[in-house]
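For reference, the structure discussed in these notes is given below.
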Amino acid sequence: MSASPDDQPTTIPSWTVGAVTVHRIDEVLLPPATGTWLLPDATTDVVKHQDWLRPDFADPEGILHLDSHSFAFTIGGLRILVDTGIGNGKERANPAWHNLRTDFLDRLTAAGFHPDSVDLVILTHLHADHVGWNTREVNGEWVPTFPNARYVTSRAEREFWAAYDMEEARRHMFRDSVIPVEEAGLLDLVDVPAEGVEVTPGLRLLPTPGHTPGHIAVELTSRSETALITGDCIHHPVQFAHPAIGACVDIDPAQSEASRRKLLGSLAGTDTLVLGTHFAPPTAGLVVTHENAYRLAPVPAT
């Protein structure tokens, strides 16, 4: 598994997986307070004990680095985007996500993925920071950003939220970022069994429930090389060292931990490239055993 240069006019970080180039489409760095809020058990003392987290994934004081980005690649002739970030101009309760004005679509286009050219959008789950660019505002209305794409998520995920007693902020998010895609007839719900499901040759959805009931990770394979996009099954590399550390917003903390342990155990010692959906640069790496748990051995992008 090797990093490869991107030949687009704007430098977009990328990795080579067999014949596939996976591009990281950056949206925004998240503020330092994010880690303390999101992973409260990842105290500064816990983080400082893991020297390998510094300087990339934490600062010298033990404050976690996190960001928001998507991954774009072409496989089986399909142009694919995994998760769509926070989005622009969205009213959000979280100040770090509220009314953003980023160049995300410019970066996506620079990587060679104009919104009209995207064939498939995979949503690991339906949280606000993973569905925001599903839509964009046009003449005062939220319309699908990727009008020629099929948007895919697990059936269990959508059905859970359909039955959930949402607070107003979440209902608002569904109204501006999920329902317009459904009303346009672009959302496909997929049953994801325990062994996963192949949505196109070389691309599998794997069940990693807990953070949300229908959460999925995304596995891509090309020429005997494999990569795994985590979604929020793993928010930060500190969870490699301490899989019991969960997110404050996990729906089922015990199941989230079980999914994380199972995933890390299956990846440890393999050549599978792990791409973290919220991992700060270098974002990707291999899972290796370390101090009775794991650590991430980075594979930098170019």
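Quick note on naming: the chains in the structure tokens go A, B, ... in the order shown, residues restart at 1 in each chain, and ligands are numbered from 1 in order of appearance.
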Polymer residues at most 12 Å from Asp51 in chain A, only C-alpha atoms, same-chain spacing of 2 or more positions, as a ChimeraX atom specification: /A:44-49,53-62,237-238,241,290,295-296
Among range 10-122 of chain A, which ones does DSSP assign to strand (DSSP E or B) (computed from the backbone)? Answer as an mmCIF file with all heavy atoms, in the first residue's frame.
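What landed in result.cif:
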```cif
data_model
loop_
_atom_site.group_PDB
_atom_site.id
_atom_site.type_symbol
_atom_site.label_atom_id
_atom_site.label_comp_id
_atom_site.auth_asym_id
_atom_site.auth_seq_id
_atom_site.Cartn_x
_atom_site.Cartn_y
_atom_site.Cartn_z
ATOM 1 N N SER A 14 -4.034 11.953 -1.307
ATOM 2 C CA SER A 14 -4.570 10.719 -1.856
ATOM 3 C C SER A 14 -3.690 9.526 -1.503
ATOM 4 O O SER A 14 -2.520 9.672 -1.141
ATOM 5 C CB SER A 14 -4.717 10.832 -3.378
ATOM 6 O OG SER A 14 -3.450 10.974 -4.003
ATOM 7 N N TRP A 15 -4.277 8.346 -1.619
ATOM 8 C CA TRP A 15 -3.597 7.073 -1.391
ATOM 9 C C TRP A 15 -3.964 6.127 -2.526
ATOM 10 O O TRP A 15 -5.078 6.191 -3.065
ATOM 11 C CB TRP A 15 -4.023 6.436 -0.076
ATOM 12 C CG TRP A 15 -3.677 7.213 1.149
ATOM 13 C CD1 TRP A 15 -2.606 7.022 1.970
ATOM 14 C CD2 TRP A 15 -4.407 8.306 1.710
ATOM 15 N NE1 TRP A 15 -2.618 7.930 3.008
ATOM 16 C CE2 TRP A 15 -3.718 8.725 2.875
ATOM 17 C CE3 TRP A 15 -5.577 8.978 1.349
ATOM 18 C CZ2 TRP A 15 -4.155 9.780 3.666
ATOM 19 C CZ3 TRP A 15 -6.015 10.029 2.131
ATOM 20 C CH2 TRP A 15 -5.311 10.415 3.279
ATOM 21 N N THR A 16 -3.052 5.227 -2.862
ATOM 22 C CA THR A 16 -3.300 4.230 -3.888
ATOM 23 C C THR A 16 -3.639 2.896 -3.237
ATOM 24 O O THR A 16 -2.908 2.417 -2.366
ATOM 25 C CB THR A 16 -2.083 4.061 -4.805
ATOM 26 O OG1 THR A 16 -1.839 5.287 -5.489
ATOM 27 C CG2 THR A 16 -2.321 2.963 -5.819
ATOM 28 N N VAL A 17 -4.750 2.316 -3.655
ATOM 29 C CA VAL A 17 -5.176 0.994 -3.212
ATOM 30 C C VAL A 17 -5.379 0.164 -4.469
ATOM 31 O O VAL A 17 -6.408 0.285 -5.145
ATOM 32 C CB VAL A 17 -6.477 1.070 -2.382
ATOM 33 C CG1 VAL A 17 -6.874 -0.317 -1.885
ATOM 34 C CG2 VAL A 17 -6.324 2.036 -1.222
ATOM 35 N N VAL A 20 -6.979 1.789 -7.526
ATOM 36 C CA VAL A 20 -7.887 2.849 -7.080
ATOM 37 C C VAL A 20 -7.095 3.937 -6.356
ATOM 38 O O VAL A 20 -6.241 3.646 -5.518
ATOM 39 C CB VAL A 20 -8.977 2.285 -6.144
ATOM 40 C CG1 VAL A 20 -9.858 3.390 -5.600
ATOM 41 C CG2 VAL A 20 -9.805 1.242 -6.885
ATOM 42 N N THR A 21 -7.402 5.193 -6.680
ATOM 43 C CA THR A 21 -6.848 6.329 -5.948
ATOM 44 C C THR A 21 -7.949 6.901 -5.062
ATOM 45 O O THR A 21 -9.001 7.308 -5.552
ATOM 46 C CB THR A 21 -6.330 7.422 -6.899
ATOM 47 O OG1 THR A 21 -5.297 6.874 -7.719
ATOM 48 C CG2 THR A 21 -5.767 8.601 -6.119
ATOM 49 N N VAL A 22 -7.686 6.893 -3.761
ATOM 50 C CA VAL A 22 -8.649 7.421 -2.792
ATOM 51 C C VAL A 22 -8.224 8.833 -2.418
ATOM 52 O O VAL A 22 -7.117 9.053 -1.920
ATOM 53 C CB VAL A 22 -8.712 6.547 -1.530
ATOM 54 C CG1 VAL A 22 -9.739 7.114 -0.546
ATOM 55 C CG2 VAL A 22 -9.057 5.106 -1.889
ATOM 56 N N HIS A 23 -9.093 9.799 -2.659
ATOM 57 C CA HIS A 23 -8.822 11.214 -2.381
ATOM 58 C C HIS A 23 -9.498 11.625 -1.077
ATOM 59 O O HIS A 23 -10.667 11.287 -0.846
ATOM 60 C CB HIS A 23 -9.367 12.105 -3.503
ATOM 61 C CG HIS A 23 -8.877 11.736 -4.865
ATOM 62 N ND1 HIS A 23 -7.730 12.243 -5.410
ATOM 63 C CD2 HIS A 23 -9.404 10.897 -5.800
ATOM 64 C CE1 HIS A 23 -7.556 11.752 -6.627
ATOM 65 N NE2 HIS A 23 -8.570 10.932 -6.887
ATOM 66 N N ARG A 24 -8.777 12.371 -0.254
ATOM 67 C CA ARG A 24 -9.384 12.976 0.931
ATOM 68 C C ARG A 24 -9.838 14.383 0.563
ATOM 69 O O ARG A 24 -9.037 15.218 0.152
ATOM 70 C CB ARG A 24 -8.387 13.036 2.092
ATOM 71 C CG ARG A 24 -9.031 13.484 3.426
ATOM 72 C CD ARG A 24 -7.989 13.672 4.523
ATOM 73 N NE ARG A 24 -7.233 14.910 4.307
ATOM 74 C CZ ARG A 24 -5.942 15.064 4.572
ATOM 75 N NH1 ARG A 24 -5.224 14.054 5.023
ATOM 76 N NH2 ARG A 24 -5.347 16.227 4.361
ATOM 77 N N ILE A 25 -11.123 14.633 0.734
ATOM 78 C CA ILE A 25 -11.692 15.942 0.412
ATOM 79 C C ILE A 25 -11.915 16.684 1.726
ATOM 80 O O ILE A 25 -12.859 16.426 2.476
ATOM 81 C CB ILE A 25 -13.018 15.805 -0.358
ATOM 82 C CG1 ILE A 25 -12.881 14.805 -1.510
ATOM 83 C CG2 ILE A 25 -13.471 17.178 -0.847
ATOM 84 C CD1 ILE A 25 -11.816 15.167 -2.536
ATOM 85 N N ASP A 26 -11.013 17.612 2.026
ATOM 86 C CA ASP A 26 -11.050 18.303 3.303
ATOM 87 C C ASP A 26 -12.201 19.301 3.373
ATOM 88 O O ASP A 26 -12.507 19.989 2.398
ATOM 89 C CB ASP A 26 -9.736 19.044 3.549
ATOM 90 C CG ASP A 26 -8.568 18.096 3.773
ATOM 91 O OD1 ASP A 26 -8.798 17.000 4.313
ATOM 92 O OD2 ASP A 26 -7.433 18.447 3.396
ATOM 93 N N GLU A 27 -12.804 19.379 4.550
ATOM 94 C CA GLU A 27 -13.843 20.367 4.783
ATOM 95 C C GLU A 27 -13.392 21.395 5.826
ATOM 96 O O GLU A 27 -13.206 22.565 5.516
ATOM 97 C CB GLU A 27 -15.147 19.700 5.230
ATOM 98 C CG GLU A 27 -16.288 20.699 5.380
ATOM 99 C CD GLU A 27 -17.601 20.058 5.758
ATOM 100 O OE1 GLU A 27 -17.611 19.031 6.463
ATOM 101 O OE2 GLU A 27 -18.645 20.609 5.354
ATOM 102 N N VAL A 28 -13.166 20.953 7.065
ATOM 103 C CA VAL A 28 -12.813 21.913 8.110
ATOM 104 C C VAL A 28 -12.113 21.198 9.264
ATOM 105 O O VAL A 28 -12.425 20.043 9.579
ATOM 106 C CB VAL A 28 -14.083 22.637 8.618
ATOM 107 C CG1 VAL A 28 -15.026 21.683 9.320
ATOM 108 C CG2 VAL A 28 -13.750 23.820 9.513
ATOM 109 N N LEU A 29 -11.131 21.873 9.860
ATOM 110 C CA LEU A 29 -10.554 21.407 11.116
ATOM 111 C C LEU A 29 -11.546 21.683 12.231
ATOM 112 O O LEU A 29 -12.186 22.740 12.253
ATOM 113 C CB LEU A 29 -9.236 22.127 11.396
ATOM 114 C CG LEU A 29 -8.079 21.849 10.444
ATOM 115 C CD1 LEU A 29 -6.904 22.783 10.759
ATOM 116 C CD2 LEU A 29 -7.641 20.393 10.541
ATOM 117 N N ALA A 58 -2.524 14.488 18.311
ATOM 118 C CA ALA A 58 -2.743 15.213 19.566
ATOM 119 C C ALA A 58 -1.617 16.210 19.751
ATOM 120 O O ALA A 58 -0.520 16.039 19.202
ATOM 121 C CB ALA A 58 -2.801 14.248 20.749
ATOM 122 N N LEU A 64 -6.801 16.410 21.666
ATOM 123 C CA LEU A 64 -6.961 15.640 20.433
ATOM 124 C C LEU A 64 -7.143 16.539 19.220
ATOM 125 O O LEU A 64 -7.775 17.595 19.292
ATOM 126 C CB LEU A 64 -8.172 14.714 20.551
ATOM 127 C CG LEU A 64 -8.161 13.697 21.701
ATOM 128 C CD1 LEU A 64 -9.424 12.857 21.657
ATOM 129 C CD2 LEU A 64 -6.931 12.801 21.624
ATOM 130 N N LEU A 66 -8.927 16.614 15.555
ATOM 131 C CA LEU A 66 -10.011 15.998 14.783
ATOM 132 C C LEU A 66 -10.382 16.928 13.641
ATOM 133 O O LEU A 66 -10.233 18.148 13.746
ATOM 134 C CB LEU A 66 -11.237 15.755 15.659
ATOM 135 C CG LEU A 66 -11.122 14.667 16.730
ATOM 136 C CD1 LEU A 66 -11.930 15.032 17.958
ATOM 137 C CD2 LEU A 66 -11.606 13.334 16.167
ATOM 138 N N ASP A 67 -10.874 16.354 12.549
ATOM 139 C CA ASP A 67 -11.375 17.210 11.478
ATOM 140 C C ASP A 67 -12.511 16.529 10.731
ATOM 141 O O ASP A 67 -12.907 15.406 11.059
ATOM 142 C CB ASP A 67 -10.251 17.670 10.544
ATOM 143 C CG ASP A 67 -9.569 16.542 9.788
ATOM 144 O OD1 ASP A 67 -10.131 15.429 9.724
ATOM 145 O OD2 ASP A 67 -8.469 16.776 9.251
ATOM 146 N N SER A 68 -13.052 17.232 9.759
ATOM 147 C CA SER A 68 -14.164 16.730 8.951
ATOM 148 C C SER A 68 -13.719 16.660 7.500
ATOM 149 O O SER A 68 -13.220 17.651 6.956
ATOM 150 C CB SER A 68 -15.386 17.651 9.077
ATOM 151 O OG SER A 68 -16.430 17.221 8.223
ATOM 152 N N HIS A 69 -13.862 15.496 6.899
ATOM 153 C CA HIS A 69 -13.537 15.332 5.484
ATOM 154 C C HIS A 69 -14.338 14.173 4.916
ATOM 155 O O HIS A 69 -14.974 13.409 5.648
ATOM 156 C CB HIS A 69 -12.022 15.100 5.280
ATOM 157 C CG HIS A 69 -11.448 14.024 6.138
ATOM 158 N ND1 HIS A 69 -10.596 14.289 7.192
ATOM 159 C CD2 HIS A 69 -11.602 12.684 6.131
ATOM 160 C CE1 HIS A 69 -10.243 13.159 7.780
ATOM 161 N NE2 HIS A 69 -10.852 12.164 7.157
ATOM 162 N N SER A 70 -14.298 14.054 3.593
ATOM 163 C CA SER A 70 -14.930 12.951 2.885
ATOM 164 C C SER A 70 -13.862 12.218 2.086
ATOM 165 O O SER A 70 -12.731 12.692 1.951
ATOM 166 C CB SER A 70 -16.016 13.472 1.934
ATOM 167 O OG SER A 70 -17.001 14.206 2.625
ATOM 168 N N PHE A 71 -14.225 11.065 1.532
ATOM 169 C CA PHE A 71 -13.325 10.323 0.660
ATOM 170 C C PHE A 71 -14.012 10.096 -0.684
ATOM 171 O O PHE A 71 -15.194 9.730 -0.731
ATOM 172 C CB PHE A 71 -12.946 8.974 1.273
ATOM 173 C CG PHE A 71 -12.144 9.104 2.543
ATOM 174 C CD1 PHE A 71 -12.731 8.863 3.775
ATOM 175 C CD2 PHE A 71 -10.812 9.474 2.500
ATOM 176 C CE1 PHE A 71 -12.001 8.983 4.951
ATOM 177 C CE2 PHE A 71 -10.063 9.601 3.670
ATOM 178 C CZ PHE A 71 -10.662 9.359 4.892
ATOM 179 N N ALA A 72 -13.251 10.312 -1.763
ATOM 180 C CA ALA A 72 -13.784 10.148 -3.114
ATOM 181 C C ALA A 72 -12.858 9.232 -3.902
ATOM 182 O O ALA A 72 -11.627 9.336 -3.813
ATOM 183 C CB ALA A 72 -13.913 11.496 -3.811
ATOM 184 N N PHE A 73 -13.450 8.345 -4.691
ATOM 185 C CA PHE A 73 -12.658 7.422 -5.502
ATOM 186 C C PHE A 73 -13.548 6.848 -6.597
ATOM 187 O O PHE A 73 -14.786 6.964 -6.558
ATOM 188 C CB PHE A 73 -12.067 6.300 -4.644
ATOM 189 C CG PHE A 73 -13.070 5.559 -3.795
ATOM 190 C CD1 PHE A 73 -13.732 4.443 -4.268
ATOM 191 C CD2 PHE A 73 -13.360 6.011 -2.513
ATOM 192 C CE1 PHE A 73 -14.656 3.770 -3.483
ATOM 193 C CE2 PHE A 73 -14.284 5.346 -1.711
ATOM 194 C CZ PHE A 73 -14.936 4.226 -2.201
ATOM 195 N N THR A 74 -12.898 6.243 -7.576
ATOM 196 C CA THR A 74 -13.602 5.571 -8.665
ATOM 197 C C THR A 74 -13.284 4.089 -8.607
ATOM 198 O O THR A 74 -12.113 3.694 -8.547
ATOM 199 C CB THR A 74 -13.187 6.136 -10.032
ATOM 200 O OG1 THR A 74 -13.508 7.527 -10.086
ATOM 201 C CG2 THR A 74 -13.919 5.424 -11.165
ATOM 202 N N ILE A 75 -14.325 3.260 -8.607
ATOM 203 C CA ILE A 75 -14.136 1.815 -8.593
ATOM 204 C C ILE A 75 -15.248 1.174 -9.413
ATOM 205 O O ILE A 75 -16.403 1.614 -9.347
ATOM 206 C CB ILE A 75 -14.108 1.275 -7.138
ATOM 207 C CG1 ILE A 75 -13.589 -0.154 -7.088
ATOM 208 C CG2 ILE A 75 -15.462 1.385 -6.479
ATOM 209 C CD1 ILE A 75 -13.254 -0.636 -5.671
ATOM 210 N N LEU A 78 -17.615 3.410 -11.270
ATOM 211 C CA LEU A 78 -18.493 4.316 -10.523
ATOM 212 C C LEU A 78 -17.677 5.338 -9.761
ATOM 213 O O LEU A 78 -16.672 5.012 -9.126
ATOM 214 C CB LEU A 78 -19.358 3.520 -9.542
ATOM 215 C CG LEU A 78 -20.377 2.560 -10.133
ATOM 216 C CD1 LEU A 78 -21.097 1.813 -9.022
ATOM 217 C CD2 LEU A 78 -21.373 3.289 -11.013
ATOM 218 N N ARG A 79 -18.130 6.576 -9.795
ATOM 219 C CA ARG A 79 -17.478 7.673 -9.078
ATOM 220 C C ARG A 79 -18.199 7.836 -7.747
ATOM 221 O O ARG A 79 -19.392 8.148 -7.706
ATOM 222 C CB ARG A 79 -17.530 8.943 -9.928
ATOM 223 C CG ARG A 79 -16.862 8.731 -11.291
ATOM 224 C CD ARG A 79 -17.176 9.855 -12.265
ATOM 225 N NE ARG A 79 -16.556 11.091 -11.814
ATOM 226 C CZ ARG A 79 -15.248 11.349 -11.915
ATOM 227 N NH1 ARG A 79 -14.427 10.443 -12.422
ATOM 228 N NH2 ARG A 79 -14.762 12.498 -11.525
ATOM 229 N N ILE A 80 -17.468 7.606 -6.660
ATOM 230 C CA ILE A 80 -18.073 7.384 -5.352
ATOM 231 C C ILE A 80 -17.573 8.400 -4.336
ATOM 232 O O ILE A 80 -16.387 8.733 -4.310
ATOM 233 C CB ILE A 80 -17.767 5.950 -4.872
ATOM 234 C CG1 ILE A 80 -18.409 4.934 -5.834
ATOM 235 C CG2 ILE A 80 -18.258 5.720 -3.443
ATOM 236 C CD1 ILE A 80 -17.902 3.523 -5.673
ATOM 237 N N LEU A 81 -18.483 8.875 -3.489
ATOM 238 C CA LEU A 81 -18.165 9.749 -2.372
ATOM 239 C C LEU A 81 -18.668 9.079 -1.105
ATOM 240 O O LEU A 81 -19.823 8.643 -1.042
ATOM 241 C CB LEU A 81 -18.843 11.110 -2.560
ATOM 242 C CG LEU A 81 -18.547 12.196 -1.523
ATOM 243 C CD1 LEU A 81 -17.081 12.626 -1.598
ATOM 244 C CD2 LEU A 81 -19.459 13.409 -1.742
ATOM 245 N N VAL A 82 -17.801 8.989 -0.086
ATOM 246 C CA VAL A 82 -18.193 8.397 1.197
ATOM 247 C C VAL A 82 -18.319 9.501 2.239
ATOM 248 O O VAL A 82 -17.336 10.164 2.575
ATOM 249 C CB VAL A 82 -17.184 7.332 1.659
ATOM 250 C CG1 VAL A 82 -17.584 6.785 3.028
ATOM 251 C CG2 VAL A 82 -17.095 6.195 0.646
ATOM 252 N N LEU A 120 -22.381 7.625 -6.915
ATOM 253 C CA LEU A 120 -22.819 6.949 -5.696
ATOM 254 C C LEU A 120 -22.303 7.712 -4.482
ATOM 255 O O LEU A 120 -21.118 8.023 -4.403
ATOM 256 C CB LEU A 120 -22.265 5.518 -5.690
ATOM 257 C CG LEU A 120 -22.703 4.590 -4.559
ATOM 258 C CD1 LEU A 120 -24.208 4.350 -4.591
ATOM 259 C CD2 LEU A 120 -21.953 3.259 -4.668
ATOM 260 N N VAL A 121 -23.222 8.020 -3.564
ATOM 261 C CA VAL A 121 -22.873 8.642 -2.285
ATOM 262 C C VAL A 121 -23.211 7.641 -1.194
ATOM 263 O O VAL A 121 -24.373 7.243 -1.052
ATOM 264 C CB VAL A 121 -23.648 9.949 -2.055
ATOM 265 C CG1 VAL A 121 -23.326 10.521 -0.680
ATOM 266 C CG2 VAL A 121 -23.338 10.969 -3.138
ATOM 267 N N ILE A 122 -22.197 7.218 -0.445
ATOM 268 C CA ILE A 122 -22.417 6.274 0.648
ATOM 269 C C ILE A 122 -22.398 7.033 1.965
ATOM 270 O O ILE A 122 -21.446 7.765 2.252
ATOM 271 C CB ILE A 122 -21.349 5.166 0.651
ATOM 272 C CG1 ILE A 122 -21.431 4.358 -0.648
ATOM 273 C CG2 ILE A 122 -21.536 4.247 1.855
ATOM 274 C CD1 ILE A 122 -20.357 3.307 -0.779
#
```
Every residue of range 82-173 of chain A that DSSP places in alpha helix (DSSP H), as a ChimeraX atom specification: /A:104-110,128-131,155-163,168-173
Skipping near chain neighbours, those fewer than 6 positions away, what residues fall within 9 Å of Asn148 in chain A using only C-alpha atoms, listed as number ranges by chain? A: 115-120, 186
Restricting the calculation to only C-alpha atoms, which member of A:Gly132, A:Gly246, A:Pro147, A:Gly87 is positioned closest to Asp103 in chain A?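 Of A:Gly132, A:Gly246, A:Pro147, A:Gly87, the one nearest Asp103 in chain A is A:Gly87, counting only C-alpha atoms.
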For Asp176 in chain A, work out the shell of residues within 12 Å, counting only C-alpha atoms and skipping chain neighbours fewer than 3 positions away, then give it as a ChimeraX atom specification. /A:86-92,128,131-138,140-145,169-173,179-183
Leaving out Thr124 in chain A and any residue of its chain fewer than 5 positions from it, which residues lie within 10 Å of it when counting only C-alpha atoms, given as a list in words?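 Using only C-alpha atoms, the neighbours found are Val82, Asp83, Thr84, His130, Val131, Val152, Thr153, Ser154, Glu157, Leu205, Leu206, Pro207, Thr208, Thr212, Gly214, His215, Ile216, Ala217, Val218, Ile229, Thr230, Gly231, Asp232, Cys233 and Thr277 of chain A.
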Create the file for the chosen residues now, containing C-alpha atoms and written as a short mmCIF file (atom, residue, chain, number, x, y, z; two decimals), in the first residue's frame.
```
data_model
loop_
_atom_site.label_atom_id
_atom_site.label_comp_id
_atom_site.auth_asym_id
_atom_site.auth_seq_id
_atom_site.Cartn_x
_atom_site.Cartn_y
_atom_site.Cartn_z
CA VAL A 82 -18.19 8.40 1.20
CA ASP A 83 -19.93 10.73 3.65
CA THR A 84 -20.67 14.36 2.86
CA HIS A 130 -21.88 13.11 7.65
CA VAL A 131 -24.85 14.23 5.55
CA VAL A 152 -27.01 4.77 -0.09
CA THR A 153 -27.28 4.03 3.62
CA SER A 154 -28.31 1.00 5.63
CA GLU A 157 -30.12 3.32 10.01
CA LEU A 205 -20.57 -2.21 3.34
CA LEU A 206 -19.75 -3.74 6.73
CA PRO A 207 -22.04 -3.48 9.78
CA THR A 208 -20.40 -1.63 12.67
CA THR A 212 -25.87 4.42 15.61
CA GLY A 214 -27.29 1.07 11.38
CA HIS A 215 -23.75 2.40 11.23
CA ILE A 216 -21.58 0.94 8.47
CA ALA A 217 -17.90 0.96 7.56
CA VAL A 218 -16.83 0.90 3.91
CA ILE A 229 -13.14 3.74 5.80
CA THR A 230 -14.12 3.86 9.46
CA GLY A 231 -17.02 6.27 9.63
CA ASP A 232 -17.64 6.92 13.34
CA CYS A 233 -17.00 3.38 14.53
CA THR A 277 -13.32 9.74 8.72
#
```
By how many Å are CA of Leu39 in chain A and CA of Pro298 in chain A apart?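 Distance reported for this atom pair: 21.4 Å.
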In Å, how far is it from CA of Phe160 in chain A to CA of Pro213 in chain A?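 So the answer is 7.0 Å.
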What is the distance, in Å and to one decimal place, between CA of Trp37 in chain A and CA of Leu263 in chain A? 24.0 Å
Could you list, as a list in words, every residue within 8 Å of Gly18 in chain A, counting only C-alpha atoms and ignoring same-chain residues fewer than 5 positions away? Met1, Thr221, Ser222, Arg223, Ser224, Glu225 and Thr226 of chain A
For Ser256 in chain A, list every protein, DNA or RNA residue within 7 Å, evaluated using only C-alpha atoms, and leave out those in the same chain fewer than 4 positions away; present the list as a list in words.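 With the cut-off at 7 Å, the set is Pro209, Gly210, His211, Cys233, Asp250, Asp252 and Arg260 of chain A.
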